[in-house]
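**Q** Pasting model33.cif below, which is mmCIF, C-alpha atoms and all ligand atoms.
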```cif
data_final
loop_
_atom_site.label_atom_id
_atom_site.label_comp_id
_atom_site.auth_asym_id
_atom_site.auth_seq_id
_atom_site.Cartn_x
_atom_site.Cartn_y
_atom_site.Cartn_z
CA MET A 1 3.25 -1.57 19.33
CA ALA A 2 3.17 1.91 17.94
CA LYS A 3 1.11 3.72 15.41
CA LEU A 4 3.18 5.09 12.55
CA LYS A 5 2.70 8.28 10.56
CA ILE A 6 1.38 7.72 7.05
CA LEU A 7 2.87 9.88 4.29
CA GLU A 8 0.31 11.60 2.09
CA PHE A 9 0.31 12.46 -1.60
CA PRO A 10 2.03 14.50 -3.01
CA ASP A 11 4.84 13.86 -0.49
CA PRO A 12 7.91 13.15 -2.68
CA ARG A 13 9.04 10.35 -0.32
CA LEU A 14 6.14 8.27 -1.70
CA ARG A 15 8.05 8.24 -4.99
CA THR A 16 10.99 6.30 -3.53
CA ARG A 17 11.70 2.85 -4.97
CA ALA A 18 12.09 0.46 -2.03
CA ALA A 19 15.16 -1.74 -1.61
CA PRO A 20 14.91 -5.48 -0.86
CA VAL A 21 14.72 -6.61 2.76
CA GLU A 22 18.06 -8.26 3.58
CA THR A 23 17.22 -10.04 6.82
CA VAL A 24 13.95 -11.00 8.44
CA ASP A 25 14.66 -10.36 12.11
CA ASP A 26 12.92 -9.11 15.26
CA ALA A 27 13.41 -5.47 14.27
CA LEU A 28 11.53 -6.19 11.04
CA ARG A 29 8.80 -8.07 12.92
CA THR A 30 8.34 -5.05 15.21
CA LEU A 31 7.92 -2.87 12.12
CA ILE A 32 5.40 -5.40 10.73
CA ASP A 33 3.37 -5.28 13.98
CA ASP A 34 3.42 -1.49 13.93
CA MET A 35 2.31 -1.47 10.30
CA PHE A 36 -0.64 -3.76 11.11
CA GLU A 37 -1.66 -1.54 14.03
CA THR A 38 -1.43 1.54 11.82
CA MET A 39 -3.40 -0.12 9.00
CA TYR A 40 -6.19 -1.45 11.25
CA GLU A 41 -6.58 1.87 13.06
CA ALA A 42 -6.66 3.97 9.89
CA PRO A 43 -8.71 1.84 8.91
CA GLY A 44 -7.34 0.31 5.73
CA ILE A 45 -6.95 -3.09 4.05
CA GLY A 46 -3.31 -2.76 3.04
CA LEU A 47 -0.18 -0.79 3.85
CA ALA A 48 3.22 -0.71 2.19
CA ALA A 49 6.39 0.18 4.14
CA THR A 50 6.91 3.09 1.71
CA GLN A 51 3.80 4.74 3.15
CA VAL A 52 5.37 4.89 6.62
CA ASP A 53 8.65 6.20 5.19
CA VAL A 54 10.53 2.90 5.40
CA HIS A 55 11.90 2.16 1.96
CA ARG A 56 12.10 -1.61 2.11
CA ARG A 57 10.11 -4.14 0.07
CA LEU A 58 7.48 -5.08 2.59
CA LEU A 59 3.69 -4.84 2.74
CA VAL A 60 0.87 -5.94 4.99
CA ALA A 61 -2.75 -6.64 4.03
CA ASP A 62 -6.00 -7.89 5.49
CA VAL A 63 -9.08 -7.70 3.28
CA SER A 64 -11.32 -9.80 5.56
CA SER A 65 -14.34 -8.14 7.17
CA GLU A 66 -13.43 -9.68 10.54
CA LYS A 67 -9.86 -8.34 10.32
CA ASN A 68 -8.49 -11.76 11.14
CA GLU A 69 -6.67 -12.74 7.93
CA PRO A 70 -3.40 -10.81 8.08
CA TYR A 71 -0.87 -11.26 5.29
CA VAL A 72 2.76 -10.15 5.40
CA LEU A 73 4.61 -10.07 2.09
CA ILE A 74 8.35 -9.45 2.21
CA ASN A 75 10.20 -8.95 -1.11
CA PRO A 76 7.04 -9.86 -3.07
CA GLU A 77 7.33 -10.82 -6.71
CA ILE A 78 4.47 -11.45 -9.13
CA LEU A 79 5.06 -14.71 -10.99
CA GLU A 80 1.87 -14.76 -13.05
CA LYS A 81 -1.07 -12.53 -13.65
CA ASP A 82 -4.19 -12.91 -15.74
CA GLY A 83 -7.64 -11.50 -16.27
CA VAL A 84 -8.81 -7.95 -15.87
CA ALA A 85 -10.58 -6.51 -12.85
CA VAL A 86 -11.74 -2.92 -12.57
CA SER A 87 -12.52 -1.78 -9.07
CA GLU A 88 -12.78 1.38 -7.07
CA GLU A 89 -9.59 1.95 -5.10
CA GLY A 90 -8.68 4.25 -2.31
CA CYS A 91 -5.38 4.74 -0.51
CA LEU A 92 -4.40 5.78 3.01
CA SER A 93 -1.88 8.12 1.36
CA VAL A 94 -4.60 9.78 -0.74
CA PRO A 95 -7.32 10.16 1.91
CA GLY A 96 -10.88 10.71 0.78
CA TYR A 97 -10.49 9.82 -2.91
CA TYR A 98 -11.77 6.71 -4.65
CA GLU A 99 -11.33 6.02 -8.34
CA GLU A 100 -11.65 3.06 -10.68
CA VAL A 101 -8.39 1.31 -11.54
CA GLU A 102 -7.77 -1.66 -13.81
CA ARG A 103 -5.67 -4.52 -12.41
CA ALA A 104 -5.07 -8.21 -13.08
CA GLU A 105 -7.91 -10.32 -11.71
CA HIS A 106 -5.74 -13.18 -10.57
CA ILE A 107 -2.09 -13.27 -9.52
CA ARG A 108 0.46 -15.76 -8.30
CA VAL A 109 2.97 -14.15 -6.00
CA ARG A 110 6.15 -15.30 -4.26
CA PHE A 111 7.42 -13.66 -1.07
CA LEU A 112 8.99 -14.27 2.33
CA ASP A 113 6.68 -14.51 5.33
CA ARG A 114 7.37 -13.00 8.77
CA ASP A 115 9.59 -15.96 9.65
CA GLY A 116 11.64 -15.58 6.47
CA ASN A 117 10.13 -18.66 4.78
CA GLU A 118 9.57 -18.53 1.04
CA VAL A 119 5.88 -18.78 0.16
CA GLU A 120 4.00 -18.95 -3.12
CA MET A 121 0.38 -17.92 -3.09
CA GLU A 122 -2.51 -17.44 -5.49
CA ALA A 123 -4.77 -14.45 -4.98
CA GLU A 124 -7.87 -13.14 -6.70
CA GLY A 125 -10.54 -10.51 -6.16
CA LEU A 126 -9.94 -7.85 -3.56
CA LEU A 127 -6.79 -9.48 -2.15
CA ALA A 128 -5.19 -9.58 -5.63
CA VAL A 129 -6.10 -5.91 -6.21
CA CYS A 130 -4.77 -4.95 -2.79
CA ILE A 131 -1.43 -6.75 -3.29
CA GLN A 132 -0.96 -5.11 -6.70
CA HIS A 133 -1.81 -1.69 -5.23
CA GLU A 134 0.67 -2.14 -2.34
CA MET A 135 3.39 -3.49 -4.65
CA ASP A 136 3.03 -0.32 -6.72
CA HIS A 137 3.90 1.68 -3.59
CA LEU A 138 7.19 -0.22 -3.37
CA GLU A 139 7.96 1.10 -6.87
CA GLY A 140 7.07 4.64 -5.86
CA LYS A 141 3.80 4.44 -7.75
CA LEU A 142 0.34 5.54 -6.56
CA PHE A 143 -3.15 4.65 -7.80
CA VAL A 144 -3.65 8.27 -8.90
CA ASP A 145 -0.93 7.64 -11.51
CA TYR A 146 -3.52 5.58 -13.43
CA LEU A 147 -5.84 8.60 -13.65
CA SER A 148 -5.64 11.44 -16.15
CA GLU A 149 -3.15 14.19 -15.39
CA ALA A 150 -6.01 16.65 -14.93
CA LYS A 151 -7.74 14.46 -12.38
CA ARG A 152 -4.51 13.77 -10.50
CA GLY A 153 -3.79 17.50 -10.49
CA ARG A 154 -7.22 18.26 -8.98
CA ILE A 155 -6.74 15.68 -6.22
CA ARG A 156 -3.26 17.05 -5.47
CA LYS A 157 -4.56 20.60 -5.26
CA ARG A 158 -7.46 19.70 -2.96
CA LEU A 159 -5.31 17.60 -0.64
CA LEU A 160 -2.76 20.42 -0.31
CA ARG A 161 -5.56 22.91 0.36
CA ASP A 162 -7.14 20.64 3.01
CA ARG A 163 -3.79 20.25 4.71
CA ARG A 164 -3.24 24.01 4.80
CA HIS A 165 -6.64 24.38 6.45
CA GLN A 166 -5.79 21.71 9.02
CA ALA A 167 -2.51 23.49 9.77
CA ALA A 168 -4.40 26.76 10.23
CA ASP A 169 -6.83 25.08 12.67
CA VAL A 170 -3.95 23.88 14.80
CA ALA A 171 -2.09 27.21 14.79
ZN ZN B 1 -2.08 2.93 -1.19
#
```
Take the structure in the file and give it back as structure tokens.
Ligand code: ZN
**A**
Amino acid sequence: MAKLKILEFPDPRLRTRAAPVETVDDALRTLIDDMFETMYEAPGIGLAATQVDVHRRLLVADVSSEKNEPYVLINPEILEKDGVAVSEEGCLSVPGYYEEVERAEHIRVRFLDRDGNEVEMEAEGLLAVCIQHEMDHLEGKLFVDYLSEAKRGRIRKRLLRDRRHQAADVA
């Protein structure tokens, strides 16, 4: 397994709309394993392929505290959503920032699992929020897009400044 590099806002590659996965094969399963390793090490509760610069409709998630309930969603599609849940979200591509975002409280989602089988699943609470957040990534959308332009601008500016400082430390 290998740890992958996570793209960070405002990297324009995060704005790419991902294309459907055509075949679920060993190459894809290797990518899935690498995405889990990257997500657990970060640490995070979800990771979309877009964030590691692979523009295919694929995401991984594990919201359990024991880190033993991994989910792989390939070509996910939301069939139903209801209710409203507001929760504080963060993102591995927007490190250090947490803001309240409104999502559906409950979703029903259809996807392919890591063996290519079609699955339908109900999710609520944190898992539902996480899946909706990661599915946004596949559309090139980030949680900061739900914030005001001024707030998003401030986050962008600070992240760019922090990165310049990091680059200076290394040089
Ligand atoms: Zn994210």
**Q** Could you name the residues that touch Arg163 in chain A at 12 Å or less, counting only C-alpha atoms, but leaving out those on the same chain fewer than 2 positions away, as a ChimeraX atom specification?
**A** /A:8-11,94-95,156-161,165-170
**Q** Output C-alpha atoms for every residue in that selection, as an mmCIF file, in the coordinates of the input.
**A**
```cif
data_model
loop_
_atom_site.group_PDB
_atom_site.id
_atom_site.type_symbol
_atom_site.label_atom_id
_atom_site.label_comp_id
_atom_site.auth_asym_id
_atom_site.auth_seq_id
_atom_site.Cartn_x
_atom_site.Cartn_y
_atom_site.Cartn_z
ATOM 1 C CA GLU A 8 0.310 11.600 2.090
ATOM 2 C CA PHE A 9 0.310 12.460 -1.600
ATOM 3 C CA PRO A 10 2.030 14.500 -3.010
ATOM 4 C CA ASP A 11 4.840 13.860 -0.490
ATOM 5 C CA VAL A 94 -4.600 9.780 -0.740
ATOM 6 C CA PRO A 95 -7.320 10.160 1.910
ATOM 7 C CA ARG A 156 -3.260 17.050 -5.470
ATOM 8 C CA LYS A 157 -4.560 20.600 -5.260
ATOM 9 C CA ARG A 158 -7.460 19.700 -2.960
ATOM 10 C CA LEU A 159 -5.310 17.600 -0.640
ATOM 11 C CA LEU A 160 -2.760 20.420 -0.310
ATOM 12 C CA ARG A 161 -5.560 22.910 0.360
ATOM 13 C CA HIS A 165 -6.640 24.380 6.450
ATOM 14 C CA GLN A 166 -5.790 21.710 9.020
ATOM 15 C CA ALA A 167 -2.510 23.490 9.770
ATOM 16 C CA ALA A 168 -4.400 26.760 10.230
ATOM 17 C CA ASP A 169 -6.830 25.080 12.670
ATOM 18 C CA VAL A 170 -3.950 23.880 14.800
#
```
**Q** Could you report the residues within 8 Å of ligand ZN 1 (chain B), using all atoms listed in the file, as a list in words?
**A**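 So, counting all atoms listed in the file, the residues near ligand ZN 1 (chain B) are Gly46, Leu47, Ala48, Gln51, Gly90, Cys91, Leu92, Ser93, Val94, His133, Glu134, His137, Leu142 and Phe143 of chain A.
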**Q** Write the residues of the selection above to a file with C-alpha atoms, as an mmCIF file, keeping the file's coordinate frame.
**A**
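And here is the file that came out, out35.cif:
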```
data_model
loop_
_atom_site.group_PDB
_atom_site.id
_atom_site.type_symbol
_atom_site.label_atom_id
_atom_site.label_comp_id
_atom_site.auth_asym_id
_atom_site.auth_seq_id
_atom_site.Cartn_x
_atom_site.Cartn_y
_atom_site.Cartn_z
ATOM 1 C CA GLY A 46 -3.310 -2.760 3.040
ATOM 2 C CA LEU A 47 -0.180 -0.790 3.850
ATOM 3 C CA ALA A 48 3.220 -0.710 2.190
ATOM 4 C CA GLN A 51 3.800 4.740 3.150
ATOM 5 C CA GLY A 90 -8.680 4.250 -2.310
ATOM 6 C CA CYS A 91 -5.380 4.740 -0.510
ATOM 7 C CA LEU A 92 -4.400 5.780 3.010
ATOM 8 C CA SER A 93 -1.880 8.120 1.360
ATOM 9 C CA VAL A 94 -4.600 9.780 -0.740
ATOM 10 C CA HIS A 133 -1.810 -1.690 -5.230
ATOM 11 C CA GLU A 134 0.670 -2.140 -2.340
ATOM 12 C CA HIS A 137 3.900 1.680 -3.590
ATOM 13 C CA LEU A 142 0.340 5.540 -6.560
ATOM 14 C CA PHE A 143 -3.150 4.650 -7.800
#
```
**Q** From the list A:Val101, A:Ala42, A:Met121, A:Val60, which residue is nearest Glu77 in chain A when using only C-alpha atoms?
**A**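 Result for the nearest residue to Glu77 in chain A: A:Met121.
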**Q** So how far away is CA of Ser65 in chain A from CA of Ser87 in chain A, in Å?
**A**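 Straight-line distance from CA of Ser87 in chain A to CA of Ser65 in chain A works out to 17.5 Å.
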**Q** Between A:Ala2, A:Val54, A:Ala61, A:Ile107, which one has atoms that come closest to Thr38 in chain A, using only C-alpha atoms?
**A**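 Closest to Thr38 in chain A, using only C-alpha atoms: A:Ala2.
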**Q** In Å, how far is it from CA of Met35 in chain A to CA of Glu120 in chain A?
**A** 22.1 Å
**Q** Check the smallest atom-to-atom distance from each of A:Glu99, A:Ile6, A:Glu80, A:Val129 to Ser148 in chain A using all atoms listed in the file, then report the winner.
**A**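 With all atoms listed in the file as the atom set, the closest residue is A:Glu99.
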**Q** Of the candidates A:Met135, A:Glu37, A:Ser64, A:Glu69, which shows the shortest atom-to-atom distance to Lys5 in chain A, using only C-alpha atoms?
**A** A:Glu37
**Q** Restricting the calculation to all atoms listed in the file: of A:Arg29, A:Arg154, A:Lys141, A:Arg114, which residue gets closest to Tyr71 in chain A?
**A**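 Of the candidates, the smallest distance to Tyr71 in chain A is held by A:Arg114.
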**Q** Please measure the separation of CA of Ile74 in chain A and CA of Arg15 in chain A, giving the value in Å to one decimal.
**A** 19.1 Å
**Q** Please identify all polymer residues within 8 Å of Asp34 in chain A, counting only C-alpha atoms, omitting same-chain residues fewer than 2 positions from it, and present them as a list in words.
**A**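 Everything that qualifies: Met1, Ala2, Lys3, Leu4, Thr30, Leu31, Ile32, Phe36, Glu37 and Thr38 of chain A.
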**Q** As an MDAnalysis selection string, please: the residues near Arg103 in chain A (cut-off 7 Å, only C-alpha atoms, same-chain neighbours under 3 positions excluded).
**A** chainID A and resid 84:86 129
**Q** Could you check the closest approach to Arg110 in chain A for each of A:Gly140, A:Tyr146, A:Val72, A:Ile155 and tell me which residue wins, using all atoms listed in the file?
**A**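 Nearest to Arg110 in chain A: A:Val72.
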**Q** Could you list, as a tab-separated table (two decimals) with C-alpha atoms, in the frame of the given file, every residue within 8 Å of Asp82 in chain A, counting only C-alpha atoms and ignoring same-chain residues fewer than 5 positions away?
**A**
```
chain	number	residue	atom	x	y	z
A	104	ALA	CA	-5.07	-8.21	-13.08
A	105	GLU	CA	-7.91	-10.32	-11.71
A	106	HIS	CA	-5.74	-13.18	-10.57
A	107	ILE	CA	-2.09	-13.27	-9.52
```
